[in-house]
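Undergrad: One structure follows; several queries about it will come next.
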Amino acid sequence: MATPMSASRFLSALRAEGLTVVQVGDWRTHNRNHKGPWGPVHGVMIHHTATRGTAATVRLCRDGHSALPGPLCHGVIAKDGKVHLVGYGRANHAGAGDDDVLRAVIAEQRLPPDNEATTDGNRHFYGFECENLGDGKDPWPKVQLEAIEKAAAAVCRVHGWTHRSVIGHLEWQPGKVDPRGFTMASMRSRIADRLR
């Protein structure tokens with residue numbers, strides 16, 4: 001169980017991991033906190049955006065859309081590896097997911113299958129949306145995969161978490177497929193190596 005780090009600490013942690021960070025507008029105070037608490041936090045969730053084009057992707061993730069108001073994550077990881085910070089606090093990224101998965105993340109154990117959506121994930125996870133069509137064909141550039149690894153590791157490092165605190169949306173909520181195009185097992189292996 002952890003209290004969310006401050007926005008300034010989040011920014012400095014990402015930079016300390018070697019990331020190039022773009023601050024978008026009022027990201028430090030742009031959140032959905034009026035809809036419920038943010039925290040305690042237990043992990044990091046990785047998504048793909050199902051979009052093309054960094055500017056349009058960042059705008060969507062910051063503002064959301066009519067059915068889902070923004071921010072839709074904390075950071076957008078672009079194809080070029082830059083992390084665009086669009087919000088901080090509660091964000092509409094995780095939705096409802098499996099309480100058994102949450103317990104496994106907290107215990108840093110192997111994840112069980114996600115077969116129910118009964119637990120508020122927006123409260124408990126940092127979220128990174130990664131620019132990709134998510135069709136299994138759109139490539140994941142090396143620099144982008146490295147940025148995902150670094151961003152997740154940065155958060156884990158601050159909180160003293162291991163790689164097992166990083167999950168994909170598809171491991172949290174039944175029916176989700178993101179991120180598609182790489183496996184979370186391979187990404188967790190990379191994060192584990194970075195945290196050694």
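Here, A, B, ... name the chains of the structure tokens in the order displayed, residue numbers run from 1 inside each chain, and ligands are numbered from 1 in the same displayed order.
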So that I can see what lies close to Ala78 (chain A), please list as a PyMOL selection string the residues with an atom at most 8 Å from it, counting only C-alpha atoms and leaving out residues fewer than 3 positions away in the same chain.
TA: chain A and resi 54+81-84+130-131+144
Undergrad: Please produce an output containing all heavy atoms for each residue in the selection, written as a PDB file, in the first residue's frame.
TA:
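Here's the written file out-v2.pdb:
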```
ATOM      1  N   THR A  54       0.964  11.503 -32.784  1.00  0.00           N
ATOM      2  CA  THR A  54       1.224  11.882 -31.399  1.00  0.00           C
ATOM      3  C   THR A  54       0.360  13.038 -30.930  1.00  0.00           C
ATOM      4  O   THR A  54      -0.221  12.977 -29.836  1.00  0.00           O
ATOM      5  CB  THR A  54       2.720  12.227 -31.217  1.00  0.00           C
ATOM      6  OG1 THR A  54       3.500  11.070 -31.550  1.00  0.00           O
ATOM      7  CG2 THR A  54       3.013  12.625 -29.781  1.00  0.00           C
ATOM      8  N   GLY A  81       9.395   7.822 -27.997  1.00  0.00           N
ATOM      9  CA  GLY A  81       9.890   7.584 -26.649  1.00  0.00           C
ATOM     10  C   GLY A  81       9.673   8.716 -25.671  1.00  0.00           C
ATOM     11  O   GLY A  81       9.971   8.566 -24.480  1.00  0.00           O
ATOM     12  N   LYS A  82       9.137   9.831 -26.131  1.00  0.00           N
ATOM     13  CA  LYS A  82       8.853  10.933 -25.209  1.00  0.00           C
ATOM     14  C   LYS A  82       7.606  10.609 -24.388  1.00  0.00           C
ATOM     15  O   LYS A  82       6.662   9.997 -24.898  1.00  0.00           O
ATOM     16  CB  LYS A  82       8.646  12.238 -25.964  1.00  0.00           C
ATOM     17  CG  LYS A  82       9.918  12.776 -26.596  1.00  0.00           C
ATOM     18  CD  LYS A  82       9.655  14.069 -27.354  1.00  0.00           C
ATOM     19  CE  LYS A  82      10.932  14.559 -28.015  1.00  0.00           C
ATOM     20  NZ  LYS A  82      10.669  15.716 -28.894  1.00  0.00           N
ATOM     21  N   VAL A  83       7.603  11.043 -23.134  1.00  0.00           N
ATOM     22  CA  VAL A  83       6.458  10.846 -22.251  1.00  0.00           C
ATOM     23  C   VAL A  83       5.758  12.190 -22.075  1.00  0.00           C
ATOM     24  O   VAL A  83       6.342  13.139 -21.552  1.00  0.00           O
ATOM     25  CB  VAL A  83       6.886  10.301 -20.874  1.00  0.00           C
ATOM     26  CG1 VAL A  83       5.659  10.091 -19.982  1.00  0.00           C
ATOM     27  CG2 VAL A  83       7.648   8.985 -21.038  1.00  0.00           C
ATOM     28  N   HIS A  84       4.505  12.257 -22.527  1.00  0.00           N
ATOM     29  CA  HIS A  84       3.701  13.477 -22.434  1.00  0.00           C
ATOM     30  C   HIS A  84       2.795  13.360 -21.213  1.00  0.00           C
ATOM     31  O   HIS A  84       1.901  12.507 -21.171  1.00  0.00           O
ATOM     32  CB  HIS A  84       2.861  13.655 -23.700  1.00  0.00           C
ATOM     33  CG  HIS A  84       3.674  13.786 -24.946  1.00  0.00           C
ATOM     34  ND1 HIS A  84       3.827  14.982 -25.608  1.00  0.00           N
ATOM     35  CD2 HIS A  84       4.396  12.861 -25.647  1.00  0.00           C
ATOM     36  CE1 HIS A  84       4.607  14.805 -26.668  1.00  0.00           C
ATOM     37  NE2 HIS A  84       4.956  13.523 -26.708  1.00  0.00           N
ATOM     38  N   CYS A 130       0.118   4.144 -24.441  1.00  0.00           N
ATOM     39  CA  CYS A 130       1.224   4.074 -25.381  1.00  0.00           C
ATOM     40  C   CYS A 130       0.684   4.156 -26.807  1.00  0.00           C
ATOM     41  O   CYS A 130      -0.204   3.384 -27.189  1.00  0.00           O
ATOM     42  CB  CYS A 130       2.001   2.783 -25.170  1.00  0.00           C
ATOM     43  SG  CYS A 130       2.492   2.553 -23.436  1.00  0.00           S
ATOM     44  N   GLU A 131       1.213   5.106 -27.568  1.00  0.00           N
ATOM     45  CA  GLU A 131       0.716   5.373 -28.917  1.00  0.00           C
ATOM     46  C   GLU A 131       0.942   4.173 -29.834  1.00  0.00           C
ATOM     47  O   GLU A 131       2.061   3.833 -30.180  1.00  0.00           O
ATOM     48  CB  GLU A 131       1.435   6.605 -29.480  1.00  0.00           C
ATOM     49  CG  GLU A 131       1.023   6.994 -30.877  1.00  0.00           C
ATOM     50  CD  GLU A 131       1.928   8.057 -31.476  1.00  0.00           C
ATOM     51  OE1 GLU A 131       2.712   8.691 -30.740  1.00  0.00           O
ATOM     52  OE2 GLU A 131       1.840   8.235 -32.702  1.00  0.00           O
ATOM     53  N   GLN A 144      10.441   3.342 -28.042  1.00  0.00           N
ATOM     54  CA  GLN A 144       9.170   3.396 -27.321  1.00  0.00           C
ATOM     55  C   GLN A 144       9.090   2.293 -26.265  1.00  0.00           C
ATOM     56  O   GLN A 144       8.676   2.535 -25.128  1.00  0.00           O
ATOM     57  CB  GLN A 144       7.989   3.288 -28.286  1.00  0.00           C
ATOM     58  CG  GLN A 144       6.645   3.517 -27.612  1.00  0.00           C
ATOM     59  CD  GLN A 144       5.471   3.385 -28.571  1.00  0.00           C
ATOM     60  OE1 GLN A 144       5.557   2.678 -29.584  1.00  0.00           O
ATOM     61  NE2 GLN A 144       4.376   4.071 -28.267  1.00  0.00           N
TER      62      GLN A 144
END
```
Undergrad: Excluding Ala117 (chain A) and any residue of its chain fewer than 2 positions from it, enumerate the residues within 8 Å of it, using only C-alpha atoms, and give them as a PyMOL selection string.
TA: chain A and resi 96-99+115+119+173-174
Undergrad: With N, CA and C atoms retained, write the just-selected residues as a compact mmCIF listing (two decimals), in the first residue's frame.
TA:
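Result file is again_19.txt:
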```txt
# COMPACT_ATOMS: atom_id res chain seq x y z
N ALA A 96 -13.12 -0.74 -14.10
CA ALA A 96 -13.36 -1.81 -13.13
C ALA A 96 -12.62 -3.07 -13.56
N GLY A 97 -12.02 -3.75 -12.58
CA GLY A 97 -11.28 -4.96 -12.88
C GLY A 97 -11.42 -6.00 -11.78
N ASP A 98 -10.52 -6.96 -11.81
CA ASP A 98 -10.62 -8.15 -10.97
C ASP A 98 -9.93 -7.95 -9.62
N ASP A 99 -10.67 -8.14 -8.54
CA ASP A 99 -10.09 -7.97 -7.21
C ASP A 99 -9.02 -9.01 -6.91
N ASN A 115 -11.34 -12.48 -14.41
CA ASN A 115 -12.65 -13.00 -14.83
C ASN A 115 -13.82 -12.24 -14.23
N THR A 119 -13.82 -4.14 -9.16
CA THR A 119 -12.95 -3.30 -8.34
C THR A 119 -12.48 -2.09 -9.13
N GLN A 173 -8.86 -6.26 -16.78
CA GLN A 173 -10.29 -6.18 -17.09
C GLN A 173 -10.65 -7.17 -18.19
N PRO A 174 -11.59 -8.08 -17.94
CA PRO A 174 -11.99 -9.05 -18.97
C PRO A 174 -12.43 -8.34 -20.26
```
Undergrad: Go through A:His163, A:His124, A:Arg180, A:Arg157 and flag the residue nearest Arg9 (chain A), using only C-alpha atoms for the distances.
TA: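 Smallest distance to Arg9 (chain A) is found for A:Arg157.
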Undergrad: Can you list, as a PyMOL selection string, every protein, DNA or RNA residue that comes within 12 Å of Gly64 (chain A) when you count only C-alpha atoms, leaving out same-chain residues fewer than 3 positions away?
TA: chain A and resi 30-32+49+56-61+67-73+86-87+91-93
Undergrad: Hey, which of A:Asp138, A:Val158, A:Ala152, A:Leu145 ends up closest to Thr183 (chain A)? Count only C-alpha atoms.
TA: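 Residue with the minimum atom-to-atom distance to Thr183 (chain A): A:Leu145.
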Undergrad: To one decimal place, how far is CA of Met5 (chain A) from CA of Asp80 (chain A) in Å?
TA: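 Atom-to-atom, CA of Met5 (chain A) to CA of Asp80 (chain A), that is 26.1 Å.
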Undergrad: Could you name the residues that touch Arg103 (chain A) at 12 Å or less, counting only C-alpha atoms, but leaving out those on the same chain fewer than 3 positions away, as a short mmCIF file (atom, residue, chain, number, x, y, z; two decimals) with C-alpha atoms, in the first residue's frame?
TA:
```
data_model
loop_
_atom_site.label_atom_id
_atom_site.label_comp_id
_atom_site.auth_asym_id
_atom_site.auth_seq_id
_atom_site.Cartn_x
_atom_site.Cartn_y
_atom_site.Cartn_z
CA MET A 1 0.00 0.00 0.00
CA HIS A 42 -0.52 -0.46 -5.83
CA GLY A 43 0.90 -0.61 -9.35
CA GLY A 97 -11.28 -4.96 -12.88
CA ASP A 98 -10.62 -8.15 -10.97
CA ASP A 99 -10.09 -7.97 -7.21
CA ASP A 100 -8.06 -11.20 -7.33
CA ILE A 106 -0.31 -6.02 -3.93
CA ALA A 107 1.39 -9.29 -2.92
CA GLU A 108 3.64 -9.12 -6.03
CA GLN A 109 2.66 -12.66 -7.02
CA ARG A 110 1.80 -14.34 -10.30
CA LEU A 111 -1.42 -12.93 -11.75
CA PRO A 112 -4.57 -15.04 -11.81
CA ASP A 114 -9.06 -11.77 -14.83
CA THR A 119 -12.95 -3.30 -8.34
CA GLY A 121 -8.75 0.37 -10.84
CA HIS A 124 -5.15 2.13 -7.46
CA ARG A 164 5.31 -7.69 -10.56
CA SER A 165 3.56 -4.40 -9.76
CA TRP A 172 -6.97 -6.39 -15.28
#
```
Undergrad: Contacts of Gly160 (chain A) at 10 Å or less, counting only C-alpha atoms, minus same-chain residues fewer than 6 places along, as a ChimeraX atom specification?
TA: /A:2,153-154,195
Undergrad: Based on the selection just made, write C-alpha atoms of those residues as an mmCIF file, in the first residue's frame.
TA:
```cif
data_model
loop_
_atom_site.group_PDB
_atom_site.id
_atom_site.type_symbol
_atom_site.label_atom_id
_atom_site.label_comp_id
_atom_site.auth_asym_id
_atom_site.auth_seq_id
_atom_site.Cartn_x
_atom_site.Cartn_y
_atom_site.Cartn_z
ATOM 1 C CA ALA A 2 1.391 3.387 -0.960
ATOM 2 C CA ALA A 153 10.552 1.223 -13.518
ATOM 3 C CA ALA A 154 10.647 4.864 -12.391
ATOM 4 C CA LEU A 195 15.458 -2.489 -11.292
#
```
Undergrad: Apply DSSP to the structure's backbone, then extract all residues of chain A labelled strand (DSSP E) and return them as a PyMOL selection string.
TA: chain A and resi 21-23+43-48+64-65+68-69+75-77+83-85+96-97+119-120+125-130+166-168
Undergrad: Using only C-alpha atoms, which of A:Leu170, A:Gly36, A:Lys142, A:Gly25 sits nearest Ala94 (chain A)?
TA: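 Looking at the shortest contact to Ala94 (chain A), the residue is A:Leu170.
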Undergrad: As a ChimeraX atom specification, list the residues of region 91-159 of chain A assigned to alpha helix (DSSP H) by DSSP on the backbone atoms of this structure.
TA: /A:99-107,142-159
